[in-house]
Amino acid sequence: MSTATADVAVIGGSGFYSFLDGADEIHVETPYGDPSGPVTIGTVGERRVAFLPRHGVGHAFPPHRINYRANLWALRSVGVRQVLAPCAVGGLSPAVEPGELVVPDQLVDRTWGRVGSYVETGAVHLPFADPYCSRLRSRLGAEDEVTSGGTMVVVEGPRFSTRAESRHYADQGWSLINMTGAPEAALAREQRLCYAPIAVVTDMDAGVDEGSGVGQAEVFAMFGHSIERVKALLGTVLADLPDPAGCACSAWADDLELTYDVP
């Protein structure tokens with residue numbers, strides 16, 4: 001493996017398959033199999049940044065088939081300590097609208113078929129009351145075009161929700177729905193990484209109105225339309241991210257004997 005390193009990473013969502021120009025491409029082997037694709041490492045301003053397309057180049061992996069464990073381990077192994085994670089979401093509440101950029105503060109995991117932890121033996125119980133890094137959320141939330149707060153429910157996919165399911169989620173007070181935010185956030189925390197999503201609202205979910213429901217074409221089109229805005233936001237915040245040293249996202253494991261590898 002190349003000796004190229006980066007201290008921060010961007011995980012690209014649907015349609016977000018490249019980010020860095022003139023970057024080094026690194027093929028990382030992990031104990032958990034292959035990540036979604038090669039890790040590319042380049043420079044944004046004066047910061048070394050890694051990029052990994054969550055679904056692979058060309059959207060090779062649907063949400064329930066992504067090797068989340070390999071992805072986060074690969075990023076940690078090249079030196080990454082902070083992760084910004086753009087993703088497509090549906091809106092469950094009229095309080096959000098298509099095109100909006102949201103940094104949620106809570107997560108509800110409704111996935112069921114995924115490997116959700118690195119822990120395979122022993123007693124290691126992850127504190128996860130606040131699933132996203134407060135330091136990264138504060139930095140992202142300081143940007144005028146970003147809405148801060150809200151709960152994102154993550155469903156198994158790859159199908160979209162029925163109207164009844166969507167209304168049920170909305171009735172709980174949850175504002176966003178997504179298919180990739182879990183177990184990604186928990187695995188990032190297990191790898192002692194600071195992690196925050198940047199949710200791009202691509203559509204209003206099926207339960208919000210009596211329209212035709214959610215379709216893949218509109219989701220991909222809206223996310224594609226928003227990619228340049230997301231890249232511009234990343235370019236701004238990457239220049240002055242908070243120092244991860246001492247953050248609770250890593251410090252939770254300081255006095256524990258972990259039973260899995262943190263490279």
# chains A, B, ... in the order shown; residues from 1 in each chain; ligands from 1

$ select_by_dssp --residues "range 22-229 of chain A" --states "alpha helix (DSSP H)" --output "CSV table (one decimal) with all heavy atoms, in the first residue's frame"
chain,number,residue,atom,x,y,z
A,68,TYR,N,-19.6,-1.6,4.6
A,68,TYR,CA,-19.3,-0.4,5.5
A,68,TYR,C,-18.1,-0.6,6.4
A,68,TYR,O,-17.3,0.3,6.6
A,68,TYR,CB,-20.5,-0.1,6.3
A,68,TYR,CG,-21.8,0.3,5.6
A,68,TYR,CD1,-22.7,-0.7,5.2
A,68,TYR,CD2,-22.0,1.6,5.2
A,68,TYR,CE1,-23.9,-0.3,4.5
A,68,TYR,CE2,-23.1,2.0,4.5
A,68,TYR,CZ,-24.1,1.0,4.1
A,68,TYR,OH,-25.2,1.4,3.5
A,69,ARG,N,-17.9,-1.8,6.9
A,69,ARG,CA,-16.8,-2.1,7.8
A,69,ARG,C,-15.4,-1.9,7.0
A,69,ARG,O,-14.5,-1.3,7.5
A,69,ARG,CB,-16.8,-3.5,8.3
A,69,ARG,CG,-18.0,-3.7,9.3
A,69,ARG,CD,-17.7,-4.9,10.3
A,69,ARG,NE,-17.6,-6.1,9.6
A,69,ARG,CZ,-17.4,-7.3,10.2
A,69,ARG,NH1,-17.2,-7.4,11.5
A,69,ARG,NH2,-17.3,-8.4,9.5
A,70,ALA,N,-15.4,-2.4,5.8
A,70,ALA,CA,-14.1,-2.2,5.0
A,70,ALA,C,-13.9,-0.7,4.7
A,70,ALA,O,-12.8,-0.3,4.7
A,70,ALA,CB,-14.2,-3.0,3.7
A,71,ASN,N,-15.0,0.0,4.4
A,71,ASN,CA,-14.8,1.4,4.0
A,71,ASN,C,-14.2,2.2,5.2
A,71,ASN,O,-13.3,3.0,5.0
A,71,ASN,CB,-16.2,2.0,3.6
A,71,ASN,CG,-16.6,1.6,2.3
A,71,ASN,OD1,-15.9,0.9,1.5
A,71,ASN,ND2,-17.9,1.9,1.9
A,72,LEU,N,-14.8,2.1,6.4
A,72,LEU,CA,-14.3,2.9,7.5
A,72,LEU,C,-12.9,2.4,7.9
A,72,LEU,O,-12.0,3.3,8.3
A,72,LEU,CB,-15.3,2.8,8.7
A,72,LEU,CG,-16.4,3.8,8.6
A,72,LEU,CD1,-15.9,5.2,8.6
A,72,LEU,CD2,-17.4,3.5,7.5
A,73,TRP,N,-12.6,1.1,7.9
A,73,TRP,CA,-11.3,0.6,8.3
A,73,TRP,C,-10.3,1.2,7.3
A,73,TRP,O,-9.2,1.6,7.7
A,73,TRP,CB,-11.3,-0.9,8.3
A,73,TRP,CG,-10.1,-1.5,9.0
A,73,TRP,CD1,-10.0,-1.9,10.3
A,73,TRP,CD2,-8.8,-1.7,8.4
A,73,TRP,NE1,-8.8,-2.4,10.6
A,73,TRP,CE2,-8.0,-2.3,9.4
A,73,TRP,CE3,-8.3,-1.5,7.2
A,73,TRP,CZ2,-6.7,-2.7,9.2
A,73,TRP,CZ3,-6.9,-1.9,6.9
A,73,TRP,CH2,-6.2,-2.5,7.9
A,74,ALA,N,-10.6,1.1,6.0
A,74,ALA,CA,-9.6,1.6,5.0
A,74,ALA,C,-9.3,3.1,5.2
A,74,ALA,O,-8.1,3.5,5.1
A,74,ALA,CB,-10.2,1.4,3.6
A,75,LEU,N,-10.3,3.9,5.5
A,75,LEU,CA,-10.0,5.3,5.7
A,75,LEU,C,-9.2,5.5,7.0
A,75,LEU,O,-8.2,6.3,7.0
A,75,LEU,CB,-11.3,6.1,5.9
A,75,LEU,CG,-12.2,6.1,4.6
A,75,LEU,CD1,-13.5,6.8,4.8
A,75,LEU,CD2,-11.4,6.8,3.4
A,76,ARG,N,-9.5,4.8,8.1
A,76,ARG,CA,-8.7,5.0,9.3
A,76,ARG,C,-7.2,4.5,9.0
A,76,ARG,O,-6.3,5.1,9.5
A,76,ARG,CB,-9.3,4.1,10.4
A,76,ARG,CG,-8.4,4.0,11.7
A,76,ARG,CD,-8.7,5.1,12.6
A,76,ARG,NE,-7.7,5.1,13.7
A,76,ARG,CZ,-7.7,5.9,14.8
A,76,ARG,NH1,-8.8,6.6,15.0
A,76,ARG,NH2,-6.8,5.8,15.7
A,77,SER,N,-7.0,3.5,8.2
A,77,SER,CA,-5.7,3.0,7.9
A,77,SER,C,-4.8,3.9,7.2
A,77,SER,O,-3.6,3.7,7.2
A,77,SER,CB,-5.8,1.6,7.2
A,77,SER,OG,-6.1,1.8,5.8
A,134,SER,N,-20.0,16.3,17.6
A,134,SER,CA,-20.5,17.7,17.9
A,134,SER,C,-19.6,18.8,17.3
A,134,SER,O,-20.1,19.8,16.9
A,134,SER,CB,-20.7,17.9,19.4
A,134,SER,OG,-19.4,17.7,20.1
A,135,ARG,N,-18.3,18.5,17.3
A,135,ARG,CA,-17.4,19.5,16.7
A,135,ARG,C,-17.6,19.7,15.2
A,135,ARG,O,-17.6,20.8,14.7
A,135,ARG,CB,-15.9,19.1,17.0
A,135,ARG,CG,-15.6,19.0,18.5
A,135,ARG,CD,-14.1,18.7,18.7
A,135,ARG,NE,-13.8,18.5,20.1
A,135,ARG,CZ,-12.6,18.3,20.6
A,135,ARG,NH1,-11.6,18.2,19.7
A,135,ARG,NH2,-12.4,18.1,21.9
A,136,LEU,N,-17.7,18.6,14.5
A,136,LEU,CA,-17.9,18.7,13.1
A,136,LEU,C,-19.3,19.3,12.8
A,136,LEU,O,-19.5,20.1,11.9
A,136,LEU,CB,-17.8,17.3,12.4
A,136,LEU,CG,-16.4,16.7,12.4
A,136,LEU,CD1,-16.5,15.4,11.6
A,136,LEU,CD2,-15.4,17.6,11.7
A,137,ARG,N,-20.3,18.9,13.6
A,137,ARG,CA,-21.7,19.4,13.4
A,137,ARG,C,-21.7,21.0,13.6
A,137,ARG,O,-22.3,21.7,12.8
A,137,ARG,CB,-22.7,18.8,14.3
A,137,ARG,CG,-23.0,17.4,14.0
A,137,ARG,CD,-24.3,16.9,14.7
A,137,ARG,NE,-25.4,17.7,14.5
A,137,ARG,CZ,-25.9,18.7,15.2
A,137,ARG,NH1,-25.3,18.9,16.4
A,137,ARG,NH2,-26.9,19.4,14.9
A,138,SER,N,-21.0,21.4,14.6
A,138,SER,CA,-20.9,22.9,14.9
A,138,SER,C,-20.3,23.6,13.7
A,138,SER,O,-20.7,24.7,13.3
A,138,SER,CB,-20.2,23.1,16.2
A,138,SER,OG,-20.9,22.6,17.3
A,139,ARG,N,-19.2,23.0,13.2
A,139,ARG,CA,-18.5,23.7,12.1
A,139,ARG,C,-19.4,23.7,10.8
A,139,ARG,O,-19.5,24.8,10.2
A,139,ARG,CB,-17.2,23.0,11.7
A,139,ARG,CG,-16.4,23.5,10.5
A,139,ARG,CD,-16.0,25.0,10.7
A,139,ARG,NE,-15.6,25.6,9.5
A,139,ARG,CZ,-16.3,26.3,8.7
A,139,ARG,NH1,-17.7,26.4,8.9
A,139,ARG,NH2,-15.8,26.9,7.6
A,140,LEU,N,-20.0,22.6,10.5
A,140,LEU,CA,-20.9,22.6,9.3
A,140,LEU,C,-22.1,23.5,9.5
A,140,LEU,O,-22.5,24.3,8.6
A,140,LEU,CB,-21.4,21.2,9.1
A,140,LEU,CG,-20.3,20.2,8.5
A,140,LEU,CD1,-20.8,18.8,8.7
A,140,LEU,CD2,-20.0,20.5,7.1
A,141,GLY,N,-22.7,23.5,10.7
A,141,GLY,CA,-23.8,24.4,11.0
A,141,GLY,C,-23.6,25.8,11.0
A,141,GLY,O,-24.5,26.6,11.0
A,163,ARG,N,-46.4,4.4,1.8
A,163,ARG,CA,-47.0,5.6,2.5
A,163,ARG,C,-47.2,5.4,4.0
A,163,ARG,O,-47.0,6.3,4.8
A,163,ARG,CB,-48.3,6.0,1.8
A,163,ARG,CG,-48.1,6.4,0.3
A,163,ARG,CD,-49.4,7.0,-0.2
A,163,ARG,NE,-49.4,7.1,-1.7
A,163,ARG,CZ,-48.8,8.0,-2.4
A,163,ARG,NH1,-48.1,8.9,-1.8
A,163,ARG,NH2,-48.8,7.9,-3.7
A,164,ALA,N,-47.7,4.2,4.3
A,164,ALA,CA,-47.9,4.0,5.7
A,164,ALA,C,-46.6,4.0,6.5
A,164,ALA,O,-46.6,4.6,7.6
A,164,ALA,CB,-48.6,2.6,5.9
A,165,GLU,N,-45.6,3.4,6.0
A,165,GLU,CA,-44.3,3.4,6.7
A,165,GLU,C,-43.8,4.9,6.8
A,165,GLU,O,-43.4,5.3,7.9
A,165,GLU,CB,-43.3,2.6,5.9
A,165,GLU,CG,-43.5,1.1,6.0
A,165,GLU,CD,-42.7,0.3,5.0
A,165,GLU,OE1,-42.3,0.9,4.0
A,165,GLU,OE2,-42.5,-0.9,5.3
A,166,SER,N,-43.9,5.6,5.8
A,166,SER,CA,-43.4,7.0,5.8
A,166,SER,C,-44.2,7.8,6.8
A,166,SER,O,-43.6,8.6,7.5
A,166,SER,CB,-43.6,7.6,4.3
A,166,SER,OG,-43.1,8.9,4.3
A,167,ARG,N,-45.5,7.7,6.8
A,167,ARG,CA,-46.3,8.4,7.8
A,167,ARG,C,-46.0,8.0,9.2
A,167,ARG,O,-46.0,8.9,10.1
A,167,ARG,CB,-47.8,8.2,7.5
A,167,ARG,CG,-48.2,8.9,6.2
A,167,ARG,CD,-49.6,8.5,5.8
A,167,ARG,NE,-50.0,9.1,4.6
A,167,ARG,CZ,-50.8,8.6,3.7
A,167,ARG,NH1,-51.4,7.4,3.9
A,167,ARG,NH2,-51.1,9.2,2.6
A,168,HIS,N,-45.7,6.8,9.4
A,168,HIS,CA,-45.3,6.3,10.7
A,168,HIS,C,-44.0,7.0,11.2
A,168,HIS,O,-43.9,7.4,12.3
A,168,HIS,CB,-45.1,4.8,10.7
A,168,HIS,CG,-44.5,4.2,12.0
A,168,HIS,ND1,-45.1,4.2,13.2
A,168,HIS,CD2,-43.2,3.7,12.2
A,168,HIS,CE1,-44.3,3.7,14.1
A,168,HIS,NE2,-43.2,3.4,13.6
A,169,TYR,N,-43.0,7.0,10.3
A,169,TYR,CA,-41.8,7.7,10.7
A,169,TYR,C,-42.0,9.1,11.0
A,169,TYR,O,-41.4,9.7,11.9
A,169,TYR,CB,-40.7,7.5,9.5
A,169,TYR,CG,-40.4,6.1,9.1
A,169,TYR,CD1,-40.2,5.7,7.8
A,169,TYR,CD2,-40.3,5.1,10.1
A,169,TYR,CE1,-39.8,4.4,7.4
A,169,TYR,CE2,-40.0,3.8,9.7
A,169,TYR,CZ,-39.8,3.5,8.4
A,169,TYR,OH,-39.5,2.2,8.1
A,170,ALA,N,-42.8,9.8,10.2
A,170,ALA,CA,-43.1,11.2,10.4
A,170,ALA,C,-43.8,11.4,11.7
A,170,ALA,O,-43.5,12.4,12.4
A,170,ALA,CB,-43.9,11.8,9.2
A,171,ASP,N,-44.7,10.5,12.0
A,171,ASP,CA,-45.4,10.6,13.3
A,171,ASP,C,-44.5,10.5,14.5
A,171,ASP,O,-44.9,11.0,15.6
A,171,ASP,CB,-46.5,9.5,13.4
A,171,ASP,CG,-47.7,9.8,12.5
A,171,ASP,OD1,-47.8,11.0,12.0
A,171,ASP,OD2,-48.5,8.9,12.2
A,181,GLY,N,-27.0,5.7,6.2
A,181,GLY,CA,-26.4,6.3,7.4
A,181,GLY,C,-26.1,5.3,8.5
A,181,GLY,O,-25.4,5.6,9.5
A,182,ALA,N,-26.7,4.1,8.4
A,182,ALA,CA,-26.4,3.0,9.4
A,182,ALA,C,-26.0,1.8,8.6
A,182,ALA,O,-26.7,1.5,7.6
A,182,ALA,CB,-27.6,2.8,10.3
A,183,PRO,N,-25.0,1.1,9.1
A,183,PRO,CA,-24.2,1.2,10.3
A,183,PRO,C,-23.0,2.2,10.1
A,183,PRO,O,-22.1,2.2,11.0
A,183,PRO,CB,-23.8,-0.2,10.6
A,183,PRO,CG,-23.5,-0.8,9.2
A,183,PRO,CD,-24.6,-0.2,8.4
A,184,GLU,N,-23.0,3.0,9.1
A,184,GLU,CA,-21.8,3.8,8.8
A,184,GLU,C,-21.4,4.7,10.0
A,184,GLU,O,-20.2,4.7,10.4
A,184,GLU,CB,-22.0,4.7,7.6
A,184,GLU,CG,-20.8,5.3,7.1
A,184,GLU,CD,-21.1,6.0,5.7
A,184,GLU,OE1,-21.4,7.2,5.7
A,184,GLU,OE2,-20.9,5.4,4.7
A,185,ALA,N,-22.3,5.3,10.6
A,185,ALA,CA,-22.0,6.2,11.7
A,185,ALA,C,-21.4,5.5,12.9
A,185,ALA,O,-20.5,5.9,13.6
A,185,ALA,CB,-23.2,7.1,12.1
A,186,ALA,N,-22.1,4.4,13.3
A,186,ALA,CA,-21.6,3.6,14.4
A,186,ALA,C,-20.2,3.0,14.2
A,186,ALA,O,-19.4,2.9,15.1
A,186,ALA,CB,-22.6,2.5,14.8
A,187,LEU,N,-20.0,2.5,13.0
A,187,LEU,CA,-18.7,1.9,12.6
A,187,LEU,C,-17.6,3.0,12.7
A,187,LEU,O,-16.5,2.7,13.1
A,187,LEU,CB,-18.7,1.3,11.2
A,187,LEU,CG,-19.6,0.0,11.2
A,187,LEU,CD1,-19.8,-0.4,9.7
A,187,LEU,CD2,-19.0,-1.1,12.0
A,188,ALA,N,-17.9,4.2,12.2
A,188,ALA,CA,-17.0,5.3,12.3
A,188,ALA,C,-16.6,5.6,13.8
A,188,ALA,O,-15.4,5.7,14.1
A,188,ALA,CB,-17.5,6.6,11.7
A,189,ARG,N,-17.6,5.5,14.7
A,189,ARG,CA,-17.3,5.7,16.1
A,189,ARG,C,-16.5,4.6,16.7
A,189,ARG,O,-15.6,4.8,17.5
A,189,ARG,CB,-18.6,5.9,16.9
A,189,ARG,CG,-18.5,6.2,18.3
A,189,ARG,CD,-18.0,7.6,18.7
A,189,ARG,NE,-18.8,8.6,18.1
A,189,ARG,CZ,-19.9,9.1,18.6
A,189,ARG,NH1,-20.4,8.6,19.7
A,189,ARG,NH2,-20.6,10.1,18.0
A,190,GLU,N,-16.8,3.3,16.3
A,190,GLU,CA,-16.0,2.2,16.7
A,190,GLU,C,-14.5,2.3,16.3
A,190,GLU,O,-13.6,1.9,17.0
A,190,GLU,CB,-16.6,0.9,16.3
A,190,GLU,CG,-17.8,0.5,17.0
A,190,GLU,CD,-18.3,-0.9,16.7
A,190,GLU,OE1,-17.8,-1.5,15.7
A,190,GLU,OE2,-19.2,-1.4,17.4
A,216,GLN,N,-36.6,6.8,-8.2
A,216,GLN,CA,-35.1,6.9,-8.3
A,216,GLN,C,-34.7,8.0,-9.1
A,216,GLN,O,-33.7,8.7,-8.8
A,216,GLN,CB,-34.6,5.6,-8.8
A,216,GLN,CG,-33.0,5.6,-9.0
A,216,GLN,CD,-32.5,4.2,-9.4
A,216,GLN,OE1,-32.9,3.2,-8.8
A,216,GLN,NE2,-31.7,4.2,-10.4
A,217,ALA,N,-35.3,8.3,-10.3
A,217,ALA,CA,-34.9,9.3,-11.2
A,217,ALA,C,-34.8,10.7,-10.5
A,217,ALA,O,-33.9,11.4,-10.7
A,217,ALA,CB,-35.7,9.3,-12.4
A,218,GLU,N,-35.9,11.0,-9.8
A,218,GLU,CA,-35.9,12.3,-9.2
A,218,GLU,C,-34.8,12.4,-8.0
A,218,GLU,O,-34.2,13.5,-7.9
A,218,GLU,CB,-37.3,12.6,-8.6
A,218,GLU,CG,-37.7,11.8,-7.4
A,218,GLU,CD,-39.1,12.1,-7.0
A,218,GLU,OE1,-39.3,13.1,-6.3
A,218,GLU,OE2,-40.0,11.3,-7.2
A,219,VAL,N,-34.6,11.4,-7.3
A,219,VAL,CA,-33.6,11.4,-6.3
A,219,VAL,C,-32.3,11.6,-6.8
A,219,VAL,O,-31.5,12.5,-6.4
A,219,VAL,CB,-33.7,10.1,-5.5
A,219,VAL,CG1,-32.4,10.0,-4.5
A,219,VAL,CG2,-34.9,9.9,-4.7
A,220,PHE,N,-31.9,10.8,-7.9
A,220,PHE,CA,-30.6,11.0,-8.5
A,220,PHE,C,-30.4,12.4,-9.1
A,220,PHE,O,-29.3,13.0,-9.1
A,220,PHE,CB,-30.3,9.9,-9.5
A,220,PHE,CG,-29.9,8.6,-8.9
A,220,PHE,CD1,-30.4,8.1,-7.7
A,220,PHE,CD2,-28.9,7.8,-9.5
A,220,PHE,CE1,-30.0,6.9,-7.1
A,220,PHE,CE2,-28.4,6.6,-8.9
A,220,PHE,CZ,-29.0,6.2,-7.7
A,221,ALA,N,-31.5,12.8,-9.8
A,221,ALA,CA,-31.4,14.1,-10.4
A,221,ALA,C,-31.2,15.3,-9.4
A,221,ALA,O,-30.3,16.1,-9.7
A,221,ALA,CB,-32.7,14.4,-11.2
A,222,MET,N,-31.9,15.3,-8.3
A,222,MET,CA,-31.7,16.3,-7.3
A,222,MET,C,-30.4,16.2,-6.7
A,222,MET,O,-29.7,17.3,-6.4
A,222,MET,CB,-32.8,16.3,-6.3
A,222,MET,CG,-32.7,17.3,-5.2
A,222,MET,SD,-32.7,19.0,-5.8
A,222,MET,CE,-34.4,19.3,-6.1
A,223,PHE,N,-29.9,15.0,-6.4
A,223,PHE,CA,-28.6,14.9,-5.8
A,223,PHE,C,-27.5,15.4,-6.7
A,223,PHE,O,-26.6,16.1,-6.4
A,223,PHE,CB,-28.3,13.5,-5.3
A,223,PHE,CG,-27.1,13.4,-4.4
A,223,PHE,CD1,-27.3,13.5,-3.0
A,223,PHE,CD2,-25.9,13.1,-4.8
A,223,PHE,CE1,-26.2,13.5,-2.1
A,223,PHE,CE2,-24.8,13.0,-4.0
A,223,PHE,CZ,-25.0,13.2,-2.6
A,224,GLY,N,-27.7,15.0,-8.0
A,224,GLY,CA,-26.7,15.5,-9.0
A,224,GLY,C,-26.7,17.0,-9.2
A,224,GLY,O,-25.7,17.6,-9.3
A,225,HIS,N,-27.9,17.6,-9.1
A,225,HIS,CA,-28.0,19.0,-9.2
A,225,HIS,C,-27.3,19.7,-8.0
A,225,HIS,O,-26.9,20.8,-8.1
A,225,HIS,CB,-29.5,19.4,-9.2
A,225,HIS,CG,-29.8,20.9,-9.3
A,225,HIS,ND1,-29.5,21.6,-10.4
A,225,HIS,CD2,-30.3,21.7,-8.4
A,225,HIS,CE1,-29.8,22.9,-10.2
A,225,HIS,NE2,-30.3,23.0,-9.0
A,226,SER,N,-27.3,19.0,-6.9
A,226,SER,CA,-26.7,19.6,-5.6
A,226,SER,C,-25.3,19.3,-5.4
A,226,SER,O,-24.7,19.9,-4.5
A,226,SER,CB,-27.5,19.1,-4.4
A,226,SER,OG,-28.9,19.4,-4.5
A,227,ILE,N,-24.7,18.5,-6.2
A,227,ILE,CA,-23.3,18.1,-6.0
A,227,ILE,C,-22.3,19.2,-6.0
A,227,ILE,O,-21.4,19.3,-5.1
A,227,ILE,CB,-22.8,17.0,-7.0
A,227,ILE,CG1,-23.5,15.6,-6.6
A,227,ILE,CG2,-21.3,16.9,-7.0
A,227,ILE,CD1,-23.1,14.5,-7.6
A,228,GLU,N,-22.5,20.2,-6.9
A,228,GLU,CA,-21.5,21.3,-6.9
A,228,GLU,C,-21.7,22.2,-5.7
A,228,GLU,O,-20.7,22.7,-5.1
A,228,GLU,CB,-21.7,22.1,-8.2
A,228,GLU,CG,-21.3,21.4,-9.5
A,228,GLU,CD,-19.9,20.8,-9.4
A,228,GLU,OE1,-19.0,21.5,-9.0
A,228,GLU,OE2,-19.8,19.6,-9.8
A,229,ARG,N,-22.9,22.3,-5.1
A,229,ARG,CA,-23.1,23.0,-3.9
A,229,ARG,C,-22.4,22.3,-2.7
A,229,ARG,O,-21.8,22.9,-1.9
A,229,ARG,CB,-24.6,23.2,-3.6
A,229,ARG,CG,-25.3,24.1,-4.5
A,229,ARG,CD,-26.8,24.1,-4.2
A,229,ARG,NE,-27.1,24.4,-2.8
A,229,ARG,CZ,-28.0,23.7,-2.1
A,229,ARG,NH1,-28.7,22.8,-2.7
A,229,ARG,NH2,-28.3,24.1,-0.9

$ residues_around --residues "Gly122 in chain A" --least-positions-apart "3" --cutoff "12 Å" --atoms "only C-alpha atoms" --output "ChimeraX atom specification"
/A:118-119,125,256-260

$ residues_around --residues "Ala4 in chain A" --least-positions-apart "3" --cutoff "12 Å" --atoms "only C-alpha atoms" --output "CSV table (one decimal) with N, CA, C and O atoms, in the first residue's frame"
chain,number,residue,atom,x,y,z
A,1,MET,N,0.8,-1.2,0.0
A,1,MET,CA,0.0,0.0,0.0
A,1,MET,C,0.9,1.2,0.0
A,1,MET,O,1.9,1.3,0.6
A,7,ASP,N,-5.7,13.2,6.8
A,7,ASP,CA,-6.3,13.3,8.1
A,7,ASP,C,-7.8,13.5,8.1
A,7,ASP,O,-8.4,13.4,9.2
A,23,ALA,N,-5.4,13.3,-7.9
A,23,ALA,CA,-5.2,12.6,-6.6
A,23,ALA,C,-4.4,11.3,-6.8
A,23,ALA,O,-4.4,10.7,-7.9
A,24,ASP,N,-3.8,10.8,-5.8
A,24,ASP,CA,-3.2,9.5,-5.8
A,24,ASP,C,-4.3,8.5,-5.5
A,24,ASP,O,-5.1,8.6,-4.6
A,25,GLU,N,-4.3,7.4,-6.2
A,25,GLU,CA,-5.3,6.3,-6.0
A,25,GLU,C,-4.6,5.2,-5.3
A,25,GLU,O,-3.6,4.7,-5.7
A,26,ILE,N,-5.2,4.8,-4.2
A,26,ILE,CA,-4.6,3.8,-3.3
A,26,ILE,C,-5.6,2.6,-3.1
A,26,ILE,O,-6.8,2.8,-2.8
A,27,HIS,N,-5.1,1.4,-3.4
A,27,HIS,CA,-6.0,0.2,-3.2
A,27,HIS,C,-5.6,-0.4,-1.8
A,27,HIS,O,-4.5,-0.8,-1.5
A,28,VAL,N,-6.6,-0.3,-0.9
A,28,VAL,CA,-6.4,-0.7,0.5
A,28,VAL,C,-7.0,-2.1,0.7
A,28,VAL,O,-8.1,-2.3,0.4
A,39,VAL,N,-9.2,4.3,-2.5
A,39,VAL,CA,-9.2,5.5,-1.8
A,39,VAL,C,-8.3,6.5,-2.6
A,39,VAL,O,-7.2,6.2,-3.0
A,40,THR,N,-8.9,7.7,-2.9
A,40,THR,CA,-8.1,8.7,-3.6
A,40,THR,C,-7.7,9.7,-2.6
A,40,THR,O,-8.5,10.1,-1.7
A,41,ILE,N,-6.4,10.2,-2.6
A,41,ILE,CA,-5.9,11.2,-1.7
A,41,ILE,C,-5.3,12.3,-2.4
A,41,ILE,O,-4.5,12.1,-3.3
A,42,GLY,N,-5.8,13.5,-2.1
A,42,GLY,CA,-5.3,14.7,-2.7
A,42,GLY,C,-5.2,15.9,-1.8
A,42,GLY,O,-5.4,15.7,-0.5
A,43,THR,N,-5.1,17.1,-2.3
A,43,THR,CA,-5.0,18.3,-1.4
A,43,THR,C,-6.1,19.2,-1.7
A,43,THR,O,-6.4,19.5,-2.9
A,48,ARG,N,-4.6,17.5,3.5
A,48,ARG,CA,-4.6,16.3,2.7
A,48,ARG,C,-6.0,15.6,3.0
A,48,ARG,O,-6.4,15.4,4.2
A,49,VAL,N,-6.7,15.3,1.9
A,49,VAL,CA,-8.0,14.8,2.0
A,49,VAL,C,-8.1,13.4,1.3
A,49,VAL,O,-7.6,13.3,0.2
A,50,ALA,N,-8.8,12.5,1.9
A,50,ALA,CA,-9.1,11.2,1.2
A,50,ALA,C,-10.6,11.2,0.8
A,50,ALA,O,-11.4,11.8,1.4
A,75,LEU,N,-10.3,3.9,5.5
A,75,LEU,CA,-10.0,5.3,5.7
A,75,LEU,C,-9.2,5.5,7.0
A,75,LEU,O,-8.2,6.3,7.0
A,77,SER,N,-7.0,3.5,8.2
A,77,SER,CA,-5.7,3.0,7.9
A,77,SER,C,-4.8,3.9,7.2
A,77,SER,O,-3.6,3.7,7.2
A,78,VAL,N,-5.4,4.9,6.5
A,78,VAL,CA,-4.5,5.9,5.7
A,78,VAL,C,-4.4,7.1,6.5
A,78,VAL,O,-3.9,8.2,6.0
A,79,GLY,N,-4.8,7.1,7.8
A,79,GLY,CA,-4.5,8.3,8.7
A,79,GLY,C,-5.7,9.1,9.0
A,79,GLY,O,-5.6,10.1,9.8
A,80,VAL,N,-6.8,8.8,8.4
A,80,VAL,CA,-8.0,9.7,8.6
A,80,VAL,C,-8.5,9.6,10.0
A,80,VAL,O,-8.5,8.6,10.7

$ atom_distance --atom1 "CA of His55 in chain A" --atom2 "CA of Trp252 in chain A"
29.3 Å

$ atom_distance --atom1 "CA of Asp109 in chain A" --atom2 "CA of Val154 in chain A"
5.1 Å

$ residues_around --residues "Ser250 in chain A" --least-positions-apart "3" --cutoff "9 Å" --atoms "only C-alpha atoms" --output "MDAnalysis selection string"
chainID A and resid 81 189:194 244:247 253:254

$ atom_distance --atom1 "CA of Pro35 in chain A" --atom2 "CA of Ala199 in chain A"
22.0 Å

$ residues_around --residues "range 151-153 of chain A" --least-positions-apart "5" --cutoff "7 Å" --atoms "only C-alpha atoms" --output "ChimeraX atom specification"
/A:104-110,174-178

$ closest_residue --among "A:Glu145, A:Glu46, A:Asp34, A:Asp21" --to "Leu241 in chain A" --atoms "only C-alpha atoms"
A:Glu46

$ select_by_dssp --residues "range 52-226 of chain A" --states "strand (DSSP E or B)" --output "PyMOL selection string"
chain A and resi 52-53+82-91+101-103+106-110+146-148+151-155+176-178+194-204

$ residues_around --residues "Leu238 in chain A" --least-positions-apart "2" --cutoff "9 Å" --atoms "only C-alpha atoms" --output "number ranges by chain"
A: 8, 44-45, 47, 49, 233-236, 240-241
